[in-house]
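Chemist: The structure file protein-v5.cif (mmCIF, C-alpha atoms) is provided below.
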data_coords
loop_
_atom_site.label_atom_id
_atom_site.label_comp_id
_atom_site.auth_asym_id
_atom_site.auth_seq_id
_atom_site.Cartn_x
_atom_site.Cartn_y
_atom_site.Cartn_z
CA MET A 1 2.81 -12.91 -6.70
CA LEU A 2 0.70 -11.59 -3.82
CA LEU A 3 1.83 -8.15 -2.64
CA GLU A 4 1.42 -6.95 0.93
CA LEU A 5 2.12 -3.92 3.06
CA GLN A 6 4.70 -4.97 5.63
CA PRO A 7 5.06 -2.10 8.11
CA PRO A 8 7.04 -2.47 11.37
CA LYS A 9 5.38 -4.41 14.22
CA ASN A 10 4.84 -1.32 16.36
CA VAL A 11 2.89 0.32 13.52
CA ILE A 12 0.82 -2.84 13.02
CA GLU A 13 -0.07 -2.74 16.72
CA ILE A 14 -1.16 0.90 16.43
CA GLY A 15 -3.36 -0.09 13.48
CA ARG A 16 -4.93 -2.91 15.51
CA LYS A 17 -5.71 -0.57 18.41
CA MET A 18 -7.29 1.94 16.06
CA ALA A 19 -9.34 -0.68 14.21
CA GLN A 20 -10.66 -2.01 17.51
CA ALA A 21 -11.66 1.48 18.68
CA ILE A 22 -13.40 2.26 15.37
CA ALA A 23 -15.25 -1.08 15.35
CA GLY A 24 -16.85 -0.14 18.67
CA GLN A 25 -18.12 3.20 17.34
CA PRO A 26 -19.65 2.61 13.89
CA ALA A 27 -22.04 5.58 14.09
CA TRP A 28 -19.24 7.96 15.09
CA ILE A 29 -16.79 6.87 12.35
CA GLU A 30 -19.59 7.11 9.77
CA SER A 31 -20.41 10.70 10.74
CA TYR A 32 -16.71 11.63 11.10
CA THR A 33 -15.94 10.29 7.63
CA LYS A 34 -18.89 12.20 6.15
CA LEU A 35 -17.73 15.36 7.91
CA HIS A 36 -14.40 15.06 6.07
CA SER A 37 -15.71 13.78 2.73
CA ASN A 38 -13.90 16.64 0.95
CA LEU A 39 -10.51 14.95 1.45
CA ARG A 40 -8.66 13.96 -1.70
CA PRO A 41 -7.88 10.26 -2.36
CA GLY A 42 -4.94 9.21 -0.20
CA GLU A 43 -5.39 12.02 2.35
CA SER A 44 -5.77 10.91 5.97
CA LEU A 45 -8.62 11.91 8.25
CA PRO A 46 -7.64 14.54 10.84
CA TYR A 47 -6.74 13.08 14.21
CA HIS A 48 -9.50 12.55 16.77
CA GLU A 49 -9.23 10.94 20.23
CA ASN A 50 -12.04 8.51 19.32
CA LEU A 51 -9.56 6.79 17.00
CA GLY A 52 -8.26 5.06 20.13
CA VAL A 53 -4.60 6.05 19.74
CA THR A 54 -2.55 9.11 20.64
CA GLU A 55 -2.01 11.85 18.09
CA GLN A 56 1.68 10.88 17.87
CA GLU A 57 0.75 7.23 17.22
CA TYR A 58 -1.76 8.29 14.55
CA ASP A 59 0.83 10.50 12.82
CA LEU A 60 3.36 7.65 12.89
CA LEU A 61 0.77 5.24 11.43
CA CYS A 62 -0.17 7.62 8.60
CA GLU A 63 3.43 8.53 7.75
CA THR A 64 4.59 4.91 7.77
CA LEU A 65 1.74 3.62 5.60
CA GLU A 66 2.30 6.48 3.16
CA LYS A 67 5.97 5.52 2.76
CA THR A 68 5.70 1.71 2.95
CA PRO A 69 5.66 0.07 -0.50
CA LEU A 70 3.81 -3.13 -1.34
CA THR A 71 6.29 -6.01 -1.36
CA PRO A 72 6.05 -9.54 -2.84
CA SER A 73 5.07 -12.10 -0.20
CA VAL A 74 3.24 -15.21 -1.48
CA PRO A 75 3.32 -16.95 -4.88
CA CYS A 76 -0.12 -17.53 -6.42
CA THR A 77 -1.80 -18.06 -9.78
CA LEU A 78 -4.17 -15.67 -11.52
CA ASN A 79 -6.48 -17.53 -13.91
CA ILE A 80 -8.36 -15.58 -16.59
CA ARG A 81 -11.28 -17.25 -18.37
CA ASP A 82 -12.67 -15.65 -21.54
CA GLU A 83 -16.48 -15.85 -21.26
CA GLY A 84 -17.02 -14.24 -24.67
CA ASN A 85 -18.57 -10.90 -25.58
CA GLY A 86 -15.69 -9.05 -23.95
CA ARG A 87 -16.23 -10.61 -20.50
CA PHE A 88 -13.35 -12.08 -18.51
CA ASN A 89 -13.65 -14.01 -15.24
CA LEU A 90 -10.65 -13.80 -12.88
CA SER A 91 -9.86 -16.33 -10.17
CA VAL A 92 -6.92 -16.57 -7.78
CA VAL A 93 -5.37 -19.80 -6.52
CA GLY A 94 -2.73 -20.14 -3.80
CA ASP A 95 -1.93 -20.00 -0.10
CA PRO A 96 -3.40 -18.56 2.04
CA GLU A 97 -6.76 -20.10 1.19
CA GLU A 98 -8.47 -16.72 1.68
CA LEU A 99 -7.24 -15.86 -1.82
CA THR A 100 -9.79 -18.30 -3.26
CA ALA A 101 -12.59 -16.32 -1.62
CA MET A 102 -11.58 -13.37 -3.78
CA SER A 103 -12.19 -15.30 -7.00
CA GLY A 104 -15.05 -14.46 -9.33
CA LEU A 105 -14.17 -10.92 -10.42
CA VAL A 106 -15.65 -10.24 -13.87
CA ILE A 107 -14.26 -7.52 -16.13
CA ASP A 108 -16.49 -6.51 -19.03
CA ALA A 109 -14.34 -4.83 -21.68
CA ASN A 110 -17.38 -3.84 -23.77
CA GLU A 111 -19.31 -2.19 -20.94
CA MET A 112 -16.07 -1.05 -19.21
CA SER A 113 -17.36 -2.38 -15.90
CA VAL A 114 -16.30 -4.78 -13.14
CA THR A 115 -18.56 -7.05 -11.08
CA PHE A 116 -17.97 -9.06 -7.92
CA ASP A 117 -20.47 -10.68 -5.56
CA GLY A 118 -23.46 -8.74 -6.86
CA ILE A 119 -21.68 -5.36 -6.85
CA THR A 120 -20.99 -3.70 -10.20
CA ALA A 121 -18.76 -0.67 -10.74
CA THR A 122 -19.34 1.21 -13.97
CA SER A 123 -17.46 4.38 -13.07
CA TRP A 124 -13.92 4.08 -14.44
CA THR A 125 -11.00 6.35 -15.09
CA LYS A 126 -7.47 6.16 -16.39
CA SER A 127 -5.14 6.62 -13.47
CA GLU A 128 -1.50 7.11 -12.59
CA SER A 129 -0.06 7.34 -9.12
CA PRO A 130 1.69 10.57 -8.07
CA ALA A 131 5.42 10.72 -8.88
CA ASN A 132 6.38 10.59 -5.18
CA ALA A 133 4.20 7.54 -4.35
CA PRO A 134 6.17 4.55 -2.98
CA PHE A 135 4.21 2.24 -5.28
CA ARG A 136 3.28 3.76 -8.65
CA VAL A 137 0.59 2.23 -10.87
CA ASP A 138 -0.67 3.35 -14.26
CA GLY A 139 -3.85 1.79 -15.65
CA ILE A 140 -7.63 1.73 -15.32
CA ARG A 141 -9.44 2.16 -12.01
CA TRP A 142 -13.03 1.31 -11.10
CA LYS A 143 -14.66 2.26 -7.81
CA THR A 144 -18.19 2.19 -6.45
CA GLU A 145 -19.85 2.43 -3.06
CA LEU A 146 -23.23 3.27 -1.59
CA GLU A 147 -23.82 7.01 -1.24
CA THR A 148 -24.99 6.60 2.36
CA PRO A 149 -23.39 3.46 3.81
CA ASN A 150 -24.06 2.49 7.41
CA ALA A 151 -22.94 -0.36 9.67
CA GLU A 152 -25.81 -2.54 8.38
CA ASN A 153 -25.42 -1.95 4.63
CA ILE A 154 -22.14 -1.39 2.82
CA GLU A 155 -21.22 -1.98 -0.82
CA THR A 156 -17.66 -1.05 -1.73
CA LEU A 157 -15.78 -2.34 -4.77
CA PHE A 158 -12.40 -1.03 -5.91
CA VAL A 159 -10.45 -2.55 -8.81
CA ARG A 160 -7.31 -1.30 -10.50
CA VAL A 161 -5.56 -3.01 -13.42
CA GLY A 162 -2.40 -1.73 -15.03
CA SER A 163 1.38 -1.54 -14.87
CA ASN A 164 3.69 -1.14 -11.92
CA LEU A 165 5.68 1.89 -13.08
CA LYS A 166 8.59 0.90 -10.81
CA ASN A 167 9.32 -2.45 -12.51
CA GLY A 168 7.07 -2.77 -15.59
CA LYS A 169 5.13 -5.77 -14.22
CA GLY A 170 1.37 -6.16 -14.56
CA ILE A 171 -0.71 -5.46 -11.46
CA LEU A 172 -4.24 -6.08 -10.18
CA MET A 173 -5.47 -4.32 -7.03
CA PHE A 174 -8.86 -5.48 -5.76
CA ARG A 175 -10.79 -4.53 -2.61
CA VAL A 176 -14.37 -5.44 -1.65
CA LEU A 177 -16.66 -5.08 1.36
CA HIS A 178 -20.29 -6.17 1.05
CA VAL A 179 -22.51 -6.03 4.14
CA LEU A 180 -26.27 -6.59 3.77
CA ASP A 181 -28.64 -6.24 6.74
CA GLY A 182 -25.68 -6.53 9.10
CA GLU A 183 -24.33 -9.76 7.53
CA VAL A 184 -20.88 -9.66 5.91
CA LEU A 185 -21.31 -11.31 2.49
CA SER A 186 -17.78 -10.68 1.28
CA GLN A 187 -14.72 -8.88 2.53
CA GLY A 188 -11.13 -8.84 1.41
CA GLU A 189 -8.28 -7.21 -0.41
CA ILE A 190 -5.65 -8.57 -2.75
CA ASN A 191 -2.82 -6.97 -4.69
CA LEU A 192 -1.29 -9.19 -7.36
CA GLU A 193 1.72 -8.67 -9.62
CA TRP A 194 2.93 -10.72 -12.57
CA GLN A 195 5.63 -10.72 -15.22
CA ARG A 196 4.16 -9.26 -18.40
#
Take the structure in the file and give it back as structure tokens.

Modeler:
Amino acid sequence: MLLELQPPKNVIEIGRKMAQAIAGQPAWIESYTKLHSNLRPGESLPYHENLGVTEQEYDLLCETLEKTPLTPSVPCTLNIRDEGNGRFNLSVVGDPEELTAMSGLVIDANEMSVTFDGITATSWTKSESPANAPFRVDGIRWKTELETPNAENIETLFVRVGSNLKNGKGILMFRVLHVLDGEVLSQGEINLEWQR
């Protein structure tokens, strides 16, 4: 089952406004993010007027997203092909068709790495969500990104595989953004859950 964040419409609209403002200022958001690189995972950037929304709207967006759990939305199929030598190729089939574009994730159990679209993440850790998180996951997490990304070159890969601590189901969380010389090679995010 595909899982999605389903915040209220007014919060979605705030997110759209903010995304549009950020898209028009890539150099600023890059420097602003670097300025606050000491934030812990899950912490929001401090408010700034360049985000394109009011401070109250930004606070509402952050608070709502923090409290909104992922909910089942679309049935789909996760296929796992054993390639031998500890390598497994994952593909996703279902509607919407964009799911298919997220197929081709390779997990290497021997090397403890994940690869997608030419990006490989070798840094992994066991992870468990905080007790107060609306959606708690325990499992293995991989993440990699360029040390100095810019609007022309970005390589971000995030993969998490484990158990949903709320219901005991298996879960795969997968996010990728690959931009090379200004061309978007791959972009997307899926969160899948299945009965173990």

Chemist: Pick the closest to Thr148 (chain A) from A:Lys34, A:Glu49, A:Thr100, A:Ile190: which is it, counting all atoms listed in the file?

Modeler: A:Lys34

Chemist: Record the distance separating CA of Val159 (chain A) and CA of Met173 (chain A), expressed in Å with one decimal.

Modeler: 5.6 Å

Chemist: Suppose a student applies the PyMOL selection byres ((chain A and resi 151) around 12) to this structure; what residues should they get, written as a short mmCIF file (atom, residue, chain, number, x, y, z; two decimals) with C-alpha atoms, in the coordinates of the input?

Modeler:
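Output below, filename selection39.cif:
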data_model
loop_
_atom_site.label_atom_id
_atom_site.label_comp_id
_atom_site.auth_asym_id
_atom_site.auth_seq_id
_atom_site.Cartn_x
_atom_site.Cartn_y
_atom_site.Cartn_z
CA ILE A 22 -13.40 2.26 15.37
CA ALA A 23 -15.25 -1.08 15.35
CA GLY A 24 -16.85 -0.14 18.67
CA GLN A 25 -18.12 3.20 17.34
CA PRO A 26 -19.65 2.61 13.89
CA ALA A 27 -22.04 5.58 14.09
CA TRP A 28 -19.24 7.96 15.09
CA ILE A 29 -16.79 6.87 12.35
CA GLU A 30 -19.59 7.11 9.77
CA SER A 31 -20.41 10.70 10.74
CA LEU A 146 -23.23 3.27 -1.59
CA THR A 148 -24.99 6.60 2.36
CA PRO A 149 -23.39 3.46 3.81
CA ASN A 150 -24.06 2.49 7.41
CA GLU A 152 -25.81 -2.54 8.38
CA ASN A 153 -25.42 -1.95 4.63
CA ILE A 154 -22.14 -1.39 2.82
CA GLU A 155 -21.22 -1.98 -0.82
CA LEU A 177 -16.66 -5.08 1.36
CA HIS A 178 -20.29 -6.17 1.05
CA VAL A 179 -22.51 -6.03 4.14
CA LEU A 180 -26.27 -6.59 3.77
CA ASP A 181 -28.64 -6.24 6.74
CA GLY A 182 -25.68 -6.53 9.10
CA GLU A 183 -24.33 -9.76 7.53
CA VAL A 184 -20.88 -9.66 5.91
#

Chemist: Considering all atoms listed in the file, can you say which of A:Glu66, A:Arg81, A:Thr156, A:Arg175 comes closest to Pro130 (chain A)?

Modeler: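 Under the stated criterion, the closest residue is A:Glu66.
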
Chemist: Give me, please, the distance in Å between CA of Gln6 (chain A) and CA of Pro69 (chain A), quoted to one decimal.

Modeler: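 Value for the CA of Gln6 (chain A)-CA of Pro69 (chain A) distance: 8.0 Å.
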
Chemist: Regenerate region 60-71 of chain A at the level of all heavy atoms and dump it as a JSON list (two decimals), in the frame of the given file.

Modeler:
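The resulting part.json:
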[["chain", "number", "residue", "atom", "x", "y", "z"],
["A", 60, "LEU", "N", 2.39, 8.67, 13.26],
["A", 60, "LEU", "CA", 3.36, 7.65, 12.89],
["A", 60, "LEU", "C", 2.72, 6.63, 11.95],
["A", 60, "LEU", "O", 3.31, 6.23, 10.94],
["A", 60, "LEU", "CB", 3.90, 6.95, 14.14],
["A", 60, "LEU", "CG", 4.85, 5.77, 13.89],
["A", 60, "LEU", "CD1", 6.12, 6.23, 13.16],
["A", 60, "LEU", "CD2", 5.21, 5.07, 15.20],
["A", 61, "LEU", "N", 1.49, 6.20, 12.27],
["A", 61, "LEU", "CA", 0.77, 5.24, 11.43],
["A", 61, "LEU", "C", 0.59, 5.79, 10.02],
["A", 61, "LEU", "O", 0.92, 5.12, 9.03],
["A", 61, "LEU", "CB", -0.58, 4.90, 12.05],
["A", 61, "LEU", "CG", -1.51, 4.00, 11.24],
["A", 61, "LEU", "CD1", -0.96, 2.57, 11.18],
["A", 61, "LEU", "CD2", -2.90, 3.99, 11.83],
["A", 62, "CYS", "N", 0.09, 7.01, 9.91],
["A", 62, "CYS", "CA", -0.17, 7.62, 8.60],
["A", 62, "CYS", "C", 1.11, 7.79, 7.79],
["A", 62, "CYS", "O", 1.16, 7.45, 6.61],
["A", 62, "CYS", "CB", -0.88, 8.96, 8.76],
["A", 62, "CYS", "SG", -2.55, 8.83, 9.41],
["A", 63, "GLU", "N", 2.16, 8.30, 8.45],
["A", 63, "GLU", "CA", 3.43, 8.53, 7.75],
["A", 63, "GLU", "C", 4.05, 7.22, 7.28],
["A", 63, "GLU", "O", 4.56, 7.12, 6.16],
["A", 63, "GLU", "CB", 4.41, 9.25, 8.68],
["A", 63, "GLU", "CG", 4.06, 10.70, 8.93],
["A", 63, "GLU", "CD", 4.90, 11.31, 10.05],
["A", 63, "GLU", "OE1", 5.96, 10.74, 10.39],
["A", 63, "GLU", "OE2", 4.48, 12.36, 10.58],
["A", 64, "THR", "N", 3.99, 6.20, 8.13],
["A", 64, "THR", "CA", 4.59, 4.91, 7.77],
["A", 64, "THR", "C", 3.85, 4.26, 6.61],
["A", 64, "THR", "O", 4.47, 3.77, 5.66],
["A", 64, "THR", "CB", 4.61, 3.96, 8.99],
["A", 64, "THR", "OG1", 5.31, 4.59, 10.05],
["A", 64, "THR", "CG2", 5.29, 2.64, 8.64],
["A", 65, "LEU", "N", 2.52, 4.25, 6.67],
["A", 65, "LEU", "CA", 1.74, 3.62, 5.60],
["A", 65, "LEU", "C", 1.92, 4.37, 4.29],
["A", 65, "LEU", "O", 1.91, 3.77, 3.22],
["A", 65, "LEU", "CB", 0.26, 3.55, 5.99],
["A", 65, "LEU", "CG", -0.06, 2.62, 7.16],
["A", 65, "LEU", "CD1", -1.56, 2.63, 7.45],
["A", 65, "LEU", "CD2", 0.43, 1.20, 6.89],
["A", 66, "GLU", "N", 2.11, 5.68, 4.37],
["A", 66, "GLU", "CA", 2.30, 6.48, 3.16],
["A", 66, "GLU", "C", 3.63, 6.14, 2.49],
["A", 66, "GLU", "O", 3.75, 6.19, 1.27],
["A", 66, "GLU", "CB", 2.28, 7.96, 3.55],
["A", 66, "GLU", "CG", 2.22, 8.90, 2.38],
["A", 66, "GLU", "CD", 2.11, 10.34, 2.85],
["A", 66, "GLU", "OE1", 1.10, 10.68, 3.49],
["A", 66, "GLU", "OE2", 3.04, 11.12, 2.60],
["A", 67, "LYS", "N", 4.63, 5.77, 3.30],
["A", 67, "LYS", "CA", 5.97, 5.52, 2.76],
["A", 67, "LYS", "C", 6.28, 4.04, 2.54],
["A", 67, "LYS", "O", 7.30, 3.71, 1.95],
["A", 67, "LYS", "CB", 7.02, 6.10, 3.72],
["A", 67, "LYS", "CG", 6.95, 7.61, 3.82],
["A", 67, "LYS", "CD", 7.93, 8.12, 4.85],
["A", 67, "LYS", "CE", 7.82, 9.62, 5.02],
["A", 67, "LYS", "NZ", 8.65, 10.14, 6.10],
["A", 68, "THR", "N", 5.42, 3.14, 3.05],
["A", 68, "THR", "CA", 5.70, 1.71, 2.95],
["A", 68, "THR", "C", 5.21, 1.16, 1.61],
["A", 68, "THR", "O", 4.02, 1.22, 1.32],
["A", 68, "THR", "CB", 5.03, 0.93, 4.10],
["A", 68, "THR", "OG1", 5.47, 1.46, 5.34],
["A", 68, "THR", "CG2", 5.37, -0.55, 4.03],
["A", 69, "PRO", "N", 6.10, 0.63, 0.78],
["A", 69, "PRO", "CA", 5.66, 0.07, -0.50],
["A", 69, "PRO", "C", 5.07, -1.33, -0.32],
["A", 69, "PRO", "O", 5.31, -2.00, 0.68],
["A", 69, "PRO", "CB", 6.95, 0.00, -1.31],
["A", 69, "PRO", "CG", 8.02, -0.18, -0.28],
["A", 69, "PRO", "CD", 7.55, 0.55, 0.95],
["A", 70, "LEU", "N", 4.27, -1.74, -1.29],
["A", 70, "LEU", "CA", 3.81, -3.13, -1.34],
["A", 70, "LEU", "C", 5.00, -3.99, -1.74],
["A", 70, "LEU", "O", 5.74, -3.65, -2.65],
["A", 70, "LEU", "CB", 2.69, -3.28, -2.37],
["A", 70, "LEU", "CG", 1.36, -2.63, -2.00],
["A", 70, "LEU", "CD1", 0.45, -2.56, -3.22],
["A", 70, "LEU", "CD2", 0.67, -3.40, -0.89],
["A", 71, "THR", "N", 5.17, -5.13, -1.05],
["A", 71, "THR", "CA", 6.29, -6.01, -1.36],
["A", 71, "THR", "C", 5.79, -7.43, -1.62],
["A", 71, "THR", "O", 4.80, -7.87, -1.03],
["A", 71, "THR", "CB", 7.30, -6.05, -0.20],
["A", 71, "THR", "OG1", 6.62, -6.40, 1.02],
["A", 71, "THR", "CG2", 7.96, -4.69, -0.01]]
